[in-house]
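*Asks:* Got a file for you: query.pdb, PDB, C-alpha atoms.
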```
MODEL        1
ATOM      1  CA  MET A1428      87.786  53.653 145.423
ATOM      2  CA  ASN A1429      87.327  56.766 147.567
ATOM      3  CA  LEU A1430      84.273  56.329 149.785
ATOM      4  CA  GLU A1431      82.657  59.238 151.586
ATOM      5  CA  ALA A1432      82.171  58.190 155.216
ATOM      6  CA  ASN A1433      79.114  60.438 155.560
ATOM      7  CA  ASP A1434      77.341  58.418 152.867
ATOM      8  CA  LEU A1435      77.683  55.281 155.012
ATOM      9  CA  LEU A1436      76.140  57.171 157.925
ATOM     10  CA  LEU A1437      73.261  58.284 155.688
ATOM     11  CA  PHE A1438      72.745  54.719 154.474
ATOM     12  CA  ALA A1439      72.547  53.443 158.060
ATOM     13  CA  ARG A1440      70.001  56.142 158.941
ATOM     14  CA  VAL A1441      67.789  55.270 155.946
ATOM     15  CA  VAL A1442      67.752  51.579 156.913
ATOM     16  CA  ASP A1443      67.144  52.340 160.605
ATOM     17  CA  GLU A1444      64.263  54.705 159.820
ATOM     18  CA  GLY A1445      62.755  52.322 157.249
ATOM     19  CA  SER A1446      62.223  54.945 154.558
ATOM     20  CA  PHE A1447      63.918  57.801 152.736
ATOM     21  CA  SER A1448      61.209  60.221 153.796
ATOM     22  CA  ARG A1449      61.587  59.632 157.543
ATOM     23  CA  ALA A1450      65.379  59.609 157.325
ATOM     24  CA  ALA A1451      65.405  62.871 155.349
ATOM     25  CA  GLU A1452      63.086  64.475 157.910
ATOM     26  CA  ARG A1453      65.264  63.369 160.850
ATOM     27  CA  LEU A1454      68.443  64.520 159.123
ATOM     28  CA  GLY A1455      67.024  67.831 157.917
ATOM     29  CA  LEU A1456      67.918  67.044 154.304
ATOM     30  CA  PRO A1457      65.810  67.086 151.124
ATOM     31  CA  LYS A1458      64.675  63.595 150.187
ATOM     32  CA  SER A1459      66.127  64.059 146.719
ATOM     33  CA  THR A1460      69.568  64.833 148.140
ATOM     34  CA  LEU A1461      69.475  61.762 150.368
ATOM     35  CA  SER A1462      68.400  59.537 147.469
ATOM     36  CA  ARG A1463      71.167  60.914 145.260
ATOM     37  CA  ARG A1464      73.828  60.295 147.925
ATOM     38  CA  ILE A1465      72.767  56.663 148.425
ATOM     39  CA  SER A1466      72.694  56.092 144.668
ATOM     40  CA  GLY A1467      76.204  57.534 144.432
ATOM     41  CA  LEU A1468      77.347  55.186 147.223
ATOM     42  CA  GLU A1469      75.905  52.199 145.358
ATOM     43  CA  ALA A1470      77.666  53.307 142.178
ATOM     44  CA  GLN A1471      81.001  53.514 143.969
ATOM     45  CA  LEU A1472      80.552  50.105 145.604
ATOM     46  CA  GLY A1473      79.364  48.558 142.343
ATOM     47  CA  GLU A1474      76.317  46.821 143.845
ATOM     48  CA  ARG A1475      72.821  47.689 145.001
ATOM     49  CA  LEU A1476      72.363  48.252 148.715
ATOM     50  CA  LEU A1477      68.608  48.820 148.657
ATOM     51  CA  LEU A1478      65.726  47.642 146.519
ATOM     52  CA  ARG A1479      63.162  50.433 146.389
ATOM     53  CA  THR A1480      59.496  50.277 145.441
ATOM     54  CA  THR A1481      56.725  52.777 146.101
ATOM     55  CA  ARG A1482      55.626  50.784 149.137
ATOM     56  CA  LYS A1483      58.668  48.913 150.396
ATOM     57  CA  LEU A1484      62.386  49.345 151.069
ATOM     58  CA  THR A1485      64.395  46.106 151.056
ATOM     59  CA  VAL A1486      68.025  45.727 152.052
ATOM     60  CA  THR A1487      70.062  43.461 149.776
ATOM     61  CA  ASP A1488      72.445  40.789 151.074
ATOM     62  CA  PHE A1489      75.346  43.068 150.170
ATOM     63  CA  GLY A1490      73.510  45.927 151.864
ATOM     64  CA  HIS A1491      73.310  43.965 155.129
ATOM     65  CA  ALA A1492      77.072  43.359 155.012
ATOM     66  CA  VAL A1493      77.745  47.056 154.421
ATOM     67  CA  LEU A1494      75.217  48.000 157.107
ATOM     68  CA  LEU A1495      77.310  46.218 159.742
ATOM     69  CA  HIS A1496      80.257  48.513 158.985
ATOM     70  CA  ALA A1497      78.001  51.552 158.707
ATOM     71  CA  HIS A1498      76.648  50.888 162.206
ATOM     72  CA  GLN A1499      80.191  50.535 163.578
ATOM     73  CA  LEU A1500      81.051  53.895 162.033
ATOM     74  CA  THR A1501      77.905  55.414 163.536
ATOM     75  CA  ALA A1502      78.871  54.108 166.974
ATOM     76  CA  GLU A1503      82.367  55.625 166.641
ATOM     77  CA  VAL A1504      80.912  59.002 165.669
ATOM     78  CA  GLU A1505      78.487  58.917 168.600
ATOM     79  CA  SER A1506      81.327  57.991 170.983
ATOM     80  CA  THR A1507      83.408  60.903 169.695
ATOM     81  CA  ILE A1508      80.515  63.311 170.256
ATOM     82  CA  ALA A1509      79.960  61.901 173.752
ATOM     83  CA  LEU A1510      83.672  62.303 174.507
ATOM     84  CA  ALA A1511      83.638  65.954 173.397
ATOM     85  CA  GLN A1512      80.547  66.700 175.488
ATOM     86  CA  HIS A1513      82.058  64.836 178.434
ATOM     87  CA  ARG A1514      85.250  66.908 178.311
ATOM     88  CA  GLN A1515      83.286  70.144 178.233
ATOM     89  CA  ALA A1516      81.280  69.293 181.333
ATOM     90  CA  GLU A1517      82.411  70.823 184.624
ATOM     91  CA  PRO A1518      84.391  68.214 186.596
ATOM     92  CA  SER A1519      82.459  67.244 189.704
ATOM     93  CA  GLY A1520      81.780  64.425 192.151
ATOM     94  CA  ARG A1521      83.923  62.342 194.479
ATOM     95  CA  LEU A1522      87.497  61.700 193.312
ATOM     96  CA  ARG A1523      89.121  58.767 195.128
ATOM     97  CA  VAL A1524      92.919  58.764 194.940
ATOM     98  CA  SER A1525      95.425  56.389 196.554
ATOM     99  CA  MET A1526      99.074  57.375 197.034
ATOM    100  CA  PRO A1527     101.919  56.849 199.507
ATOM    101  CA  ASN A1528     101.784  59.174 202.503
ATOM    102  CA  ASP A1529     105.323  60.491 201.993
ATOM    103  CA  PHE A1530     104.605  61.211 198.331
ATOM    104  CA  ALA A1531     101.513  63.229 199.250
ATOM    105  CA  ASN A1532     103.320  65.282 201.893
ATOM    106  CA  GLU A1533     106.774  65.712 200.359
ATOM    107  CA  VAL A1534     105.967  65.954 196.653
ATOM    108  CA  LEU A1535     102.310  66.773 196.017
ATOM    109  CA  GLY A1536     101.299  68.891 199.009
ATOM    110  CA  GLN A1537     101.030  72.146 197.052
ATOM    111  CA  LEU A1538      99.455  70.496 194.011
ATOM    112  CA  LEU A1539      96.690  68.978 196.141
ATOM    113  CA  ALA A1540      95.934  72.345 197.734
ATOM    114  CA  ASP A1541      95.868  74.054 194.327
ATOM    115  CA  PHE A1542      93.646  71.317 192.867
ATOM    116  CA  ILE A1543      91.071  71.567 195.671
ATOM    117  CA  ALA A1544      90.908  75.346 195.257
ATOM    118  CA  ARG A1545      90.630  75.134 191.469
ATOM    119  CA  TYR A1546      87.823  72.530 191.336
ATOM    120  CA  PRO A1547      85.277  73.300 194.082
ATOM    121  CA  ALA A1548      82.757  70.834 192.622
ATOM    122  CA  ILE A1549      85.161  67.908 193.150
ATOM    123  CA  SER A1550      85.320  66.221 196.560
ATOM    124  CA  LEU A1551      88.839  64.807 196.905
ATOM    125  CA  GLU A1552      89.185  61.627 198.988
ATOM    126  CA  LEU A1553      92.776  60.514 199.659
ATOM    127  CA  ASP A1554      93.891  57.069 200.829
ATOM    128  CA  LEU A1555      97.479  57.495 202.070
ATOM    129  CA  SER A1556      98.138  53.934 203.188
ATOM    130  CA  ALA A1557     101.115  51.943 201.924
ATOM    131  CA  ARG A1558      98.945  49.096 200.633
ATOM    132  CA  ARG A1559      98.317  48.588 196.920
ATOM    133  CA  VAL A1560      94.592  49.171 196.500
ATOM    134  CA  ASP A1561      92.345  47.349 194.034
ATOM    135  CA  LEU A1562      91.314  50.297 191.875
ATOM    136  CA  ILE A1563      88.306  48.650 190.269
ATOM    137  CA  GLY A1564      87.178  46.484 193.183
ATOM    138  CA  GLU A1565      87.446  49.369 195.663
ATOM    139  CA  ASN A1566      86.203  52.015 193.222
ATOM    140  CA  PHE A1567      89.307  54.215 193.149
ATOM    141  CA  ASP A1568      89.752  56.689 190.311
ATOM    142  CA  VAL A1569      93.557  57.101 190.403
ATOM    143  CA  ALA A1570      96.498  55.567 192.278
ATOM    144  CA  ILE A1571     100.093  56.803 192.457
ATOM    145  CA  ARG A1572     102.421  53.812 192.380
ATOM    146  CA  MET A1573     106.183  53.558 192.587
ATOM    147  CA  GLY A1574     108.457  51.138 190.751
ATOM    148  CA  ASN A1575     107.620  48.481 188.172
ATOM    149  CA  LEU A1576     103.986  47.830 187.315
ATOM    150  CA  PRO A1577     102.521  44.341 186.813
ATOM    151  CA  ASP A1578     100.716  43.592 183.553
ATOM    152  CA  ASP A1579      97.007  44.295 183.970
ATOM    153  CA  ALA A1580      94.763  44.730 180.936
ATOM    154  CA  THR A1581      92.063  46.406 183.061
ATOM    155  CA  LEU A1582      94.334  49.323 184.010
ATOM    156  CA  ALA A1583      96.135  52.115 182.176
ATOM    157  CA  ALA A1584      99.093  54.177 183.397
ATOM    158  CA  ARG A1585     100.928  57.444 182.802
ATOM    159  CA  ARG A1586     104.568  57.875 183.791
ATOM    160  CA  LEU A1587     104.937  60.939 185.995
ATOM    161  CA  ALA A1588     108.597  61.161 186.989
ATOM    162  CA  VAL A1589     111.779  59.214 187.672
ATOM    163  CA  PHE A1590     113.316  59.743 191.128
ATOM    164  CA  SER A1591     116.986  59.118 191.871
ATOM    165  CA  THR A1592     117.955  57.468 195.140
ATOM    166  CA  GLY A1593     120.930  57.619 197.478
ATOM    167  CA  LEU A1594     122.346  56.341 200.764
ATOM    168  CA  TYR A1595     122.080  58.601 203.826
ATOM    169  CA  ALA A1596     122.933  58.497 207.514
ATOM    170  CA  ALA A1597     122.912  60.888 210.451
ATOM    171  CA  PRO A1598     126.267  62.521 211.344
ATOM    172  CA  SER A1599     125.933  60.994 214.827
ATOM    173  CA  TYR A1600     125.743  57.482 213.330
ATOM    174  CA  LEU A1601     128.749  58.044 211.062
ATOM    175  CA  LYS A1602     130.760  59.508 213.924
ATOM    176  CA  LYS A1603     130.108  56.413 216.012
ATOM    177  CA  HIS A1604     130.417  53.727 213.308
ATOM    178  CA  GLY A1605     132.648  55.352 210.718
ATOM    179  CA  ILE A1606     132.035  56.344 207.086
ATOM    180  CA  PRO A1607     131.919  53.547 204.474
ATOM    181  CA  TYR A1608     134.041  54.431 201.448
ATOM    182  CA  GLU A1609     133.333  51.273 199.429
ATOM    183  CA  PRO A1610     130.069  49.309 199.078
ATOM    184  CA  GLU A1611     131.567  46.210 200.690
ATOM    185  CA  ALA A1612     132.039  48.247 203.881
ATOM    186  CA  LEU A1613     128.237  48.478 204.143
ATOM    187  CA  MET A1614     128.264  44.889 205.394
ATOM    188  CA  GLU A1615     129.768  46.228 208.644
ATOM    189  CA  HIS A1616     126.942  48.767 209.108
ATOM    190  CA  ASP A1617     123.308  48.772 210.223
ATOM    191  CA  SER A1618     120.810  49.228 207.401
ATOM    192  CA  LEU A1619     117.288  50.644 207.427
ATOM    193  CA  ARG A1620     115.522  49.030 204.497
ATOM    194  CA  ILE A1621     112.237  49.266 202.673
ATOM    195  CA  LEU A1622     110.082  46.141 202.546
ATOM    196  CA  THR A1623     109.323  44.695 199.121
ATOM    197  CA  ARG A1624     105.826  43.494 198.187
ATOM    198  CA  SER A1625     106.970  39.956 199.007
ATOM    199  CA  GLY A1626     107.607  41.069 202.589
ATOM    200  CA  GLU A1627     111.407  40.837 202.378
ATOM    201  CA  PRO A1628     113.870  43.717 202.898
ATOM    202  CA  ALA A1629     114.981  45.083 199.540
ATOM    203  CA  LEU A1630     118.505  44.249 198.411
ATOM    204  CA  TRP A1631     120.856  47.167 197.866
ATOM    205  CA  SER A1632     122.363  47.487 194.372
ATOM    206  CA  LEU A1633     125.080  50.012 193.550
ATOM    207  CA  THR A1634     126.957  50.748 190.314
ATOM    208  CA  ARG A1635     129.807  53.048 189.297
ATOM    209  CA  ALA A1636     131.577  53.711 186.020
ATOM    210  CA  SER A1637     135.209  52.590 186.185
ATOM    211  CA  ALA A1638     137.661  55.425 185.577
ATOM    212  CA  GLY A1639     139.124  55.223 182.070
ATOM    213  CA  GLN A1640     137.911  51.651 181.533
ATOM    214  CA  GLY A1641     134.498  52.219 179.995
ATOM    215  CA  ALA A1642     133.231  49.315 182.114
ATOM    216  CA  GLU A1643     131.004  49.490 185.172
ATOM    217  CA  GLU A1644     131.627  48.332 188.708
ATOM    218  CA  SER A1645     128.646  46.855 190.495
ATOM    219  CA  TRP A1646     127.828  45.645 193.968
ATOM    220  CA  GLN A1647     124.751  44.025 195.444
ATOM    221  CA  GLY A1648     124.315  43.029 199.034
ATOM    222  CA  SER A1649     122.128  42.714 202.083
ATOM    223  CA  PRO A1650     123.731  44.612 204.972
ATOM    224  CA  PRO A1651     122.590  43.736 208.509
ATOM    225  CA  VAL A1652     119.023  44.970 208.993
ATOM    226  CA  ARG A1653     118.471  47.162 212.025
ATOM    227  CA  ALA A1654     114.894  47.901 210.957
ATOM    228  CA  CYS A1655     112.698  47.527 207.878
ATOM    229  CA  ALA A1656     109.334  49.051 207.032
ATOM    230  CA  ASN A1657     107.000  49.719 204.105
ATOM    231  CA  SER A1658     107.139  53.458 204.851
ATOM    232  CA  PRO A1659     110.069  55.591 203.613
ATOM    233  CA  ASP A1660     108.948  58.273 206.078
ATOM    234  CA  THR A1661     109.490  55.930 209.012
ATOM    235  CA  LEU A1662     112.907  54.841 207.766
ATOM    236  CA  LEU A1663     113.992  58.461 207.327
ATOM    237  CA  HIS A1664     112.876  59.220 210.875
ATOM    238  CA  LEU A1665     114.939  56.299 212.202
ATOM    239  CA  ALA A1666     117.948  57.414 210.158
ATOM    240  CA  ARG A1667     117.694  60.900 211.654
ATOM    241  CA  GLN A1668     117.900  59.298 215.094
ATOM    242  CA  GLY A1669     121.271  57.760 214.183
ATOM    243  CA  LEU A1670     120.034  54.175 213.950
ATOM    244  CA  GLY A1671     121.498  53.186 210.597
ATOM    245  CA  ILE A1672     122.036  53.914 206.899
ATOM    246  CA  VAL A1673     118.976  54.289 204.674
ATOM    247  CA  MET A1674     118.541  54.144 200.895
ATOM    248  CA  THR A1675     115.874  56.667 199.983
ATOM    249  CA  ASN A1676     114.597  59.114 197.401
ATOM    250  CA  GLU A1677     117.056  62.008 197.033
ATOM    251  CA  HIS A1678     114.163  64.459 196.927
ATOM    252  CA  PHE A1679     112.927  63.275 200.327
ATOM    253  CA  ALA A1680     116.412  63.443 201.849
ATOM    254  CA  SER A1681     117.516  66.783 200.369
ATOM    255  CA  LYS A1682     115.873  68.973 203.038
ATOM    256  CA  LEU A1683     117.395  66.889 205.828
ATOM    257  CA  VAL A1684     120.822  67.180 204.216
ATOM    258  CA  GLU A1685     120.413  70.972 204.068
ATOM    259  CA  THR A1686     119.608  71.099 207.791
ATOM    260  CA  GLY A1687     122.537  68.835 208.655
ATOM    261  CA  GLU A1688     120.344  66.028 210.012
ATOM    262  CA  LEU A1689     121.567  63.605 207.326
ATOM    263  CA  GLN A1690     124.568  63.346 205.054
ATOM    264  CA  GLN A1691     125.031  61.332 201.899
ATOM    265  CA  VAL A1692     127.096  58.159 201.921
ATOM    266  CA  LEU A1693     128.914  56.729 198.885
ATOM    267  CA  GLY A1694     127.747  59.645 196.771
ATOM    268  CA  ASP A1695     129.992  58.614 193.859
ATOM    269  CA  TRP A1696     127.991  55.395 193.426
ATOM    270  CA  ASN A1697     124.631  55.136 191.615
ATOM    271  CA  MET A1698     121.547  53.445 193.016
ATOM    272  CA  PRO A1699     118.488  52.250 191.063
ATOM    273  CA  SER A1700     116.033  55.037 190.275
ATOM    274  CA  THR A1701     112.323  54.762 191.061
ATOM    275  CA  THR A1702     109.551  55.601 188.601
ATOM    276  CA  ALA A1703     106.313  57.189 189.779
ATOM    277  CA  TRP A1704     103.185  56.208 187.837
ATOM    278  CA  ALA A1705      99.598  57.410 187.812
ATOM    279  CA  VAL A1706      97.430  54.302 187.382
ATOM    280  CA  PHE A1707      93.721  54.372 186.566
ATOM    281  CA  PRO A1708      90.968  52.061 185.251
ATOM    282  CA  GLY A1709      91.279  51.680 181.482
ATOM    283  CA  ARG A1710      87.754  52.841 180.744
ATOM    284  CA  ARG A1711      86.989  54.237 177.325
ATOM    285  CA  LEU A1712      85.378  57.367 178.710
ATOM    286  CA  MET A1713      87.294  58.657 181.701
ATOM    287  CA  PRO A1714      85.344  60.748 184.249
ATOM    288  CA  ALA A1715      86.140  64.452 183.874
ATOM    289  CA  ARG A1716      87.302  64.600 187.509
ATOM    290  CA  SER A1717      89.927  61.911 186.811
ATOM    291  CA  ARG A1718      91.057  63.568 183.600
ATOM    292  CA  VAL A1719      91.700  66.970 185.168
ATOM    293  CA  PHE A1720      93.565  65.361 188.087
ATOM    294  CA  LEU A1721      95.832  63.413 185.732
ATOM    295  CA  ASP A1722      96.412  66.567 183.692
ATOM    296  CA  ALA A1723      97.315  68.445 186.897
ATOM    297  CA  LEU A1724      99.834  65.723 187.814
ATOM    298  CA  GLN A1725     101.537  65.882 184.434
ATOM    299  CA  GLU A1726     101.624  69.678 184.514
ATOM    300  CA  GLU A1727     103.200  69.557 187.979
ATOM    301  CA  PHE A1728     106.025  67.200 187.036
ATOM    302  CA  SER A1729     106.817  69.064 183.830
ATOM    303  CA  GLY A1730     106.384  72.501 185.420
ATOM    304  CA  PRO A1731     108.858  74.960 186.951
ATOM    305  CA  ARG A1732     108.399  73.830 190.554
ATOM    306  CA  CYS A1733     109.570  70.267 189.917
ATOM    307  CA  GLN A1734     112.148  71.283 187.336
ATOM    308  CA  LYS A1735     113.789  73.553 189.914
ATOM    309  CA  ILE A1736     113.971  70.677 192.401
ATOM    310  CA  VAL A1737     115.600  68.446 189.778
ATOM    311  CA  ALA A1738     118.119  71.172 188.906
ATOM    312  CA  ASP A1739     118.922  71.794 192.585
ATOM    313  CA  LEU A1740     119.511  68.102 193.239
ATOM    314  CA  ALA A1741     121.760  67.790 190.191
ATOM    315  CA  GLN A1742     123.801  70.773 191.368
ATOM    316  CA  LYS A1743     124.305  69.264 194.807
ATOM    317  CA  LYS A1744     125.481  65.885 193.489
ATOM    318  CA  PRO A1745     129.148  65.200 194.170
ATOM    319  CA  LYS A1746     131.418  65.317 191.152
ATOM    320  CA  LYS A1747     132.462  61.899 189.920
TER     321      LYS A1747
ENDMDL
END
```
Show me this structure written as structure tokens.
*Replies:*
Amino acid sequence: MNLEANDLLLFARVVDEGSFSRAAERLGLPKSTLSRRISGLEAQLGERLLLRTTRKLTVTDFGHAVLLHAHQLTAEVESTIALAQHRQAEPSGRLRVSMPNDFANEVLGQLLADFIARYPAISLELDLSARRVDLIGENFDVAIRMGNLPDDATLAARRLAVFSTGLYAAPSYLKKHGIPYEPEALMEHDSLRILTRSGEPALWSLTRASAGQGAEESWQGSPPVRACANSPDTLLHLARQGLGIVMTNEHFASKLVETGELQQVLGDWNMPSTTAWAVFPGRRLMPARSRVFLDALQEEFSGPRCQKIVADLAQKKPKK
């Protein structure tokens, strides 16, 4: 059986209008054509859908069952049309976005400026606090979040990028306290650590491939905490002042390494990477302003500006 979907739509319109004449007029089709299409649909299905007299149109029991599916198909078609019209509309209105302050300044500064210039009808409102906002309860359109995401059926997410991390300290700190050459030596140093969502300083985990063994060395520990915060920016500032060793995003630290304010520690060891996500309410029809912002984010992280940064960081990595 090879049903024509349009015939189901025509059948639903005939029933909804109550007559072939009104349905044909609304659809802009000859009544004879409409009648022939419905008869052909009945022949394919092998049962009558409608009982027709000169005065009355009656839907059969089988017709009511088919009508349910025909209405579902009609709703899908209408949703598709609405989606197409929605995408063609000029993005406008208030766009509320939450993201970490350091991410906005160090990674997305140019993108945000370009976005504001490109979409004058959108009013961009940024929340740069470290807290995890309630997107739906607080009416946010998009949030940039780092790390693992909890399961939440009300939200959807797009992966933007994966950031590598490293250990860094100011030359003045290393001159005073010495350079650790093995992870265990970190237990004799001051650490500057990010706070987890549970309010505890994050553990440090390091791994390294064993030479010629095919196995992997690993170390996990909690060096003495000199300071902890939920702001990577603050921890980097403290590290620059020579107050301890910090584990941070290599992208954030790269400029400070170039200026000599920081230097990498234990560069031949690997630290867990961090994934950046764009999270948004899982609505069926996304506002155009949200869609173009998400598209701009994906274009940025796959574009030449970010690719150059990734290539530069890879080139500066110490050989293992």
*Asks:* Taking 4 positions as the minimum chain separation for residues in the same chain, which residues sit within 8 Å of stretch 1578-1594 of chain A when counting only C-alpha atoms? Answer as an mmCIF file with C-alpha atoms, keeping the file's coordinate frame.
*Replies:*
```
data_model
loop_
_atom_site.group_PDB
_atom_site.id
_atom_site.type_symbol
_atom_site.label_atom_id
_atom_site.label_comp_id
_atom_site.auth_asym_id
_atom_site.auth_seq_id
_atom_site.Cartn_x
_atom_site.Cartn_y
_atom_site.Cartn_z
ATOM 1 C CA ILE A 1672 122.036 53.914 206.899
ATOM 2 C CA VAL A 1673 118.976 54.289 204.674
ATOM 3 C CA MET A 1674 118.541 54.144 200.895
ATOM 4 C CA THR A 1675 115.874 56.667 199.983
ATOM 5 C CA ASN A 1676 114.597 59.114 197.401
ATOM 6 C CA GLU A 1677 117.056 62.008 197.033
ATOM 7 C CA HIS A 1678 114.163 64.459 196.927
ATOM 8 C CA GLN A 1691 125.031 61.332 201.899
ATOM 9 C CA VAL A 1692 127.096 58.159 201.921
ATOM 10 C CA LEU A 1693 128.914 56.729 198.885
ATOM 11 C CA GLY A 1694 127.747 59.645 196.771
ATOM 12 C CA ASN A 1697 124.631 55.136 191.615
ATOM 13 C CA MET A 1698 121.547 53.445 193.016
ATOM 14 C CA PRO A 1699 118.488 52.250 191.063
ATOM 15 C CA SER A 1700 116.033 55.037 190.275
ATOM 16 C CA THR A 1701 112.323 54.762 191.061
ATOM 17 C CA THR A 1702 109.551 55.601 188.601
ATOM 18 C CA ALA A 1703 106.313 57.189 189.779
ATOM 19 C CA TRP A 1704 103.185 56.208 187.837
ATOM 20 C CA ALA A 1705 99.598 57.410 187.812
ATOM 21 C CA VAL A 1706 97.430 54.302 187.382
ATOM 22 C CA PHE A 1707 93.721 54.372 186.566
ATOM 23 C CA PRO A 1708 90.968 52.061 185.251
ATOM 24 C CA GLY A 1709 91.279 51.680 181.482
ATOM 25 C CA LEU A 1724 99.834 65.723 187.814
ATOM 26 C CA GLN A 1725 101.537 65.882 184.434
ATOM 27 C CA PHE A 1728 106.025 67.200 187.036
#
```
*Asks:* What residues come out when you apply the PyMOL selection byres ((chain A and resi 1657-1661) around 8) to this file, written as a list in words?
*Replies:*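 For this structure, the PyMOL selection byres ((chain A and resi 1657-1661) around 8) captures Asp1529, Ala1557, Ile1621, Leu1622, Thr1623, Cys1655, Ala1656, Leu1662, Leu1663, His1664, Leu1665 and Thr1675 of chain A.
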*Asks:* Out of A:Gln1690, A:Ser1446, A:Ser1550, A:Ser1525, which residue has the shortest atom-to-atom distance to A:Lys1602 when counting only C-alpha atoms?
*Replies:* A:Gln1690
*Asks:* Given the point (105.0, 67.5, 196.1) in the coordinates of this file, which residues lie within 12 Å, counting only C-alpha atoms, and how would they look as a PyMOL selection string?
*Replies:* chain A and resi 1526-1541+1588+1678-1679+1724+1727-1728+1730+1732-1734+1736
*Asks:* Using C-alpha atoms, can you write the selected residues to a file as a PDB file, keeping the file's coordinate frame?
*Replies:*
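Final file, out-v3.pdb:
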```
ATOM      1  CA  MET A1526      99.074  57.375 197.034  1.00  0.00           C
ATOM      2  CA  PRO A1527     101.919  56.849 199.507  1.00  0.00           C
ATOM      3  CA  ASN A1528     101.784  59.174 202.503  1.00  0.00           C
ATOM      4  CA  ASP A1529     105.323  60.491 201.993  1.00  0.00           C
ATOM      5  CA  PHE A1530     104.605  61.211 198.331  1.00  0.00           C
ATOM      6  CA  ALA A1531     101.513  63.229 199.250  1.00  0.00           C
ATOM      7  CA  ASN A1532     103.320  65.282 201.893  1.00  0.00           C
ATOM      8  CA  GLU A1533     106.774  65.712 200.359  1.00  0.00           C
ATOM      9  CA  VAL A1534     105.967  65.954 196.653  1.00  0.00           C
ATOM     10  CA  LEU A1535     102.310  66.773 196.017  1.00  0.00           C
ATOM     11  CA  GLY A1536     101.299  68.891 199.009  1.00  0.00           C
ATOM     12  CA  GLN A1537     101.030  72.146 197.052  1.00  0.00           C
ATOM     13  CA  LEU A1538      99.455  70.496 194.011  1.00  0.00           C
ATOM     14  CA  LEU A1539      96.690  68.978 196.141  1.00  0.00           C
ATOM     15  CA  ALA A1540      95.934  72.345 197.734  1.00  0.00           C
ATOM     16  CA  ASP A1541      95.868  74.054 194.327  1.00  0.00           C
ATOM     17  CA  ALA A1588     108.597  61.161 186.989  1.00  0.00           C
ATOM     18  CA  HIS A1678     114.163  64.459 196.927  1.00  0.00           C
ATOM     19  CA  PHE A1679     112.927  63.275 200.327  1.00  0.00           C
ATOM     20  CA  LEU A1724      99.834  65.723 187.814  1.00  0.00           C
ATOM     21  CA  GLU A1727     103.200  69.557 187.979  1.00  0.00           C
ATOM     22  CA  PHE A1728     106.025  67.200 187.036  1.00  0.00           C
ATOM     23  CA  GLY A1730     106.384  72.501 185.420  1.00  0.00           C
ATOM     24  CA  ARG A1732     108.399  73.830 190.554  1.00  0.00           C
ATOM     25  CA  CYS A1733     109.570  70.267 189.917  1.00  0.00           C
ATOM     26  CA  GLN A1734     112.148  71.283 187.336  1.00  0.00           C
ATOM     27  CA  ILE A1736     113.971  70.677 192.401  1.00  0.00           C
TER      28      ILE A1736
END
```
*Asks:* So what do you get for atom CA of A:Asp1554 versus atom CA of A:Val1524, distance-wise?
*Replies:*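 According to the coordinates, atom CA of A:Asp1554 and atom CA of A:Val1524 are separated by 6.2 Å.
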*Asks:* Rebuild N, CA and C atoms on stretch 1551-1561 of chain A, as a short mmCIF file (atom, residue, chain, number, x, y, z; two decimals), in the coordinates of the input?
*Replies:*
```cif
data_model
loop_
_atom_site.label_atom_id
_atom_site.label_comp_id
_atom_site.auth_asym_id
_atom_site.auth_seq_id
_atom_site.Cartn_x
_atom_site.Cartn_y
_atom_site.Cartn_z
N LEU A 1551 87.64 65.65 196.98
CA LEU A 1551 88.84 64.81 196.90
C LEU A 1551 88.95 63.91 198.14
N GLU A 1552 89.05 62.60 197.90
CA GLU A 1552 89.18 61.63 198.99
C GLU A 1552 90.52 60.90 198.81
N LEU A 1553 91.43 61.07 199.76
CA LEU A 1553 92.78 60.51 199.66
C LEU A 1553 92.95 59.32 200.58
N ASP A 1554 93.47 58.23 200.04
CA ASP A 1554 93.89 57.07 200.83
C ASP A 1554 95.42 57.09 200.83
N LEU A 1555 96.03 57.33 201.98
CA LEU A 1555 97.48 57.50 202.07
C LEU A 1555 98.16 56.29 202.71
N SER A 1556 97.54 55.14 202.63
CA SER A 1556 98.14 53.93 203.19
C SER A 1556 99.19 53.38 202.23
N ALA A 1557 100.05 52.52 202.74
CA ALA A 1557 101.12 51.94 201.92
C ALA A 1557 100.62 50.77 201.08
N ARG A 1558 99.42 50.28 201.35
CA ARG A 1558 98.94 49.10 200.63
C ARG A 1558 98.63 49.44 199.18
N ARG A 1559 98.66 48.43 198.33
CA ARG A 1559 98.32 48.59 196.92
C ARG A 1559 96.83 48.29 196.75
N VAL A 1560 96.04 49.33 196.55
CA VAL A 1560 94.59 49.17 196.50
C VAL A 1560 94.17 48.51 195.20
N ASP A 1561 92.98 47.90 195.23
CA ASP A 1561 92.34 47.35 194.03
C ASP A 1561 91.50 48.47 193.44
#
```
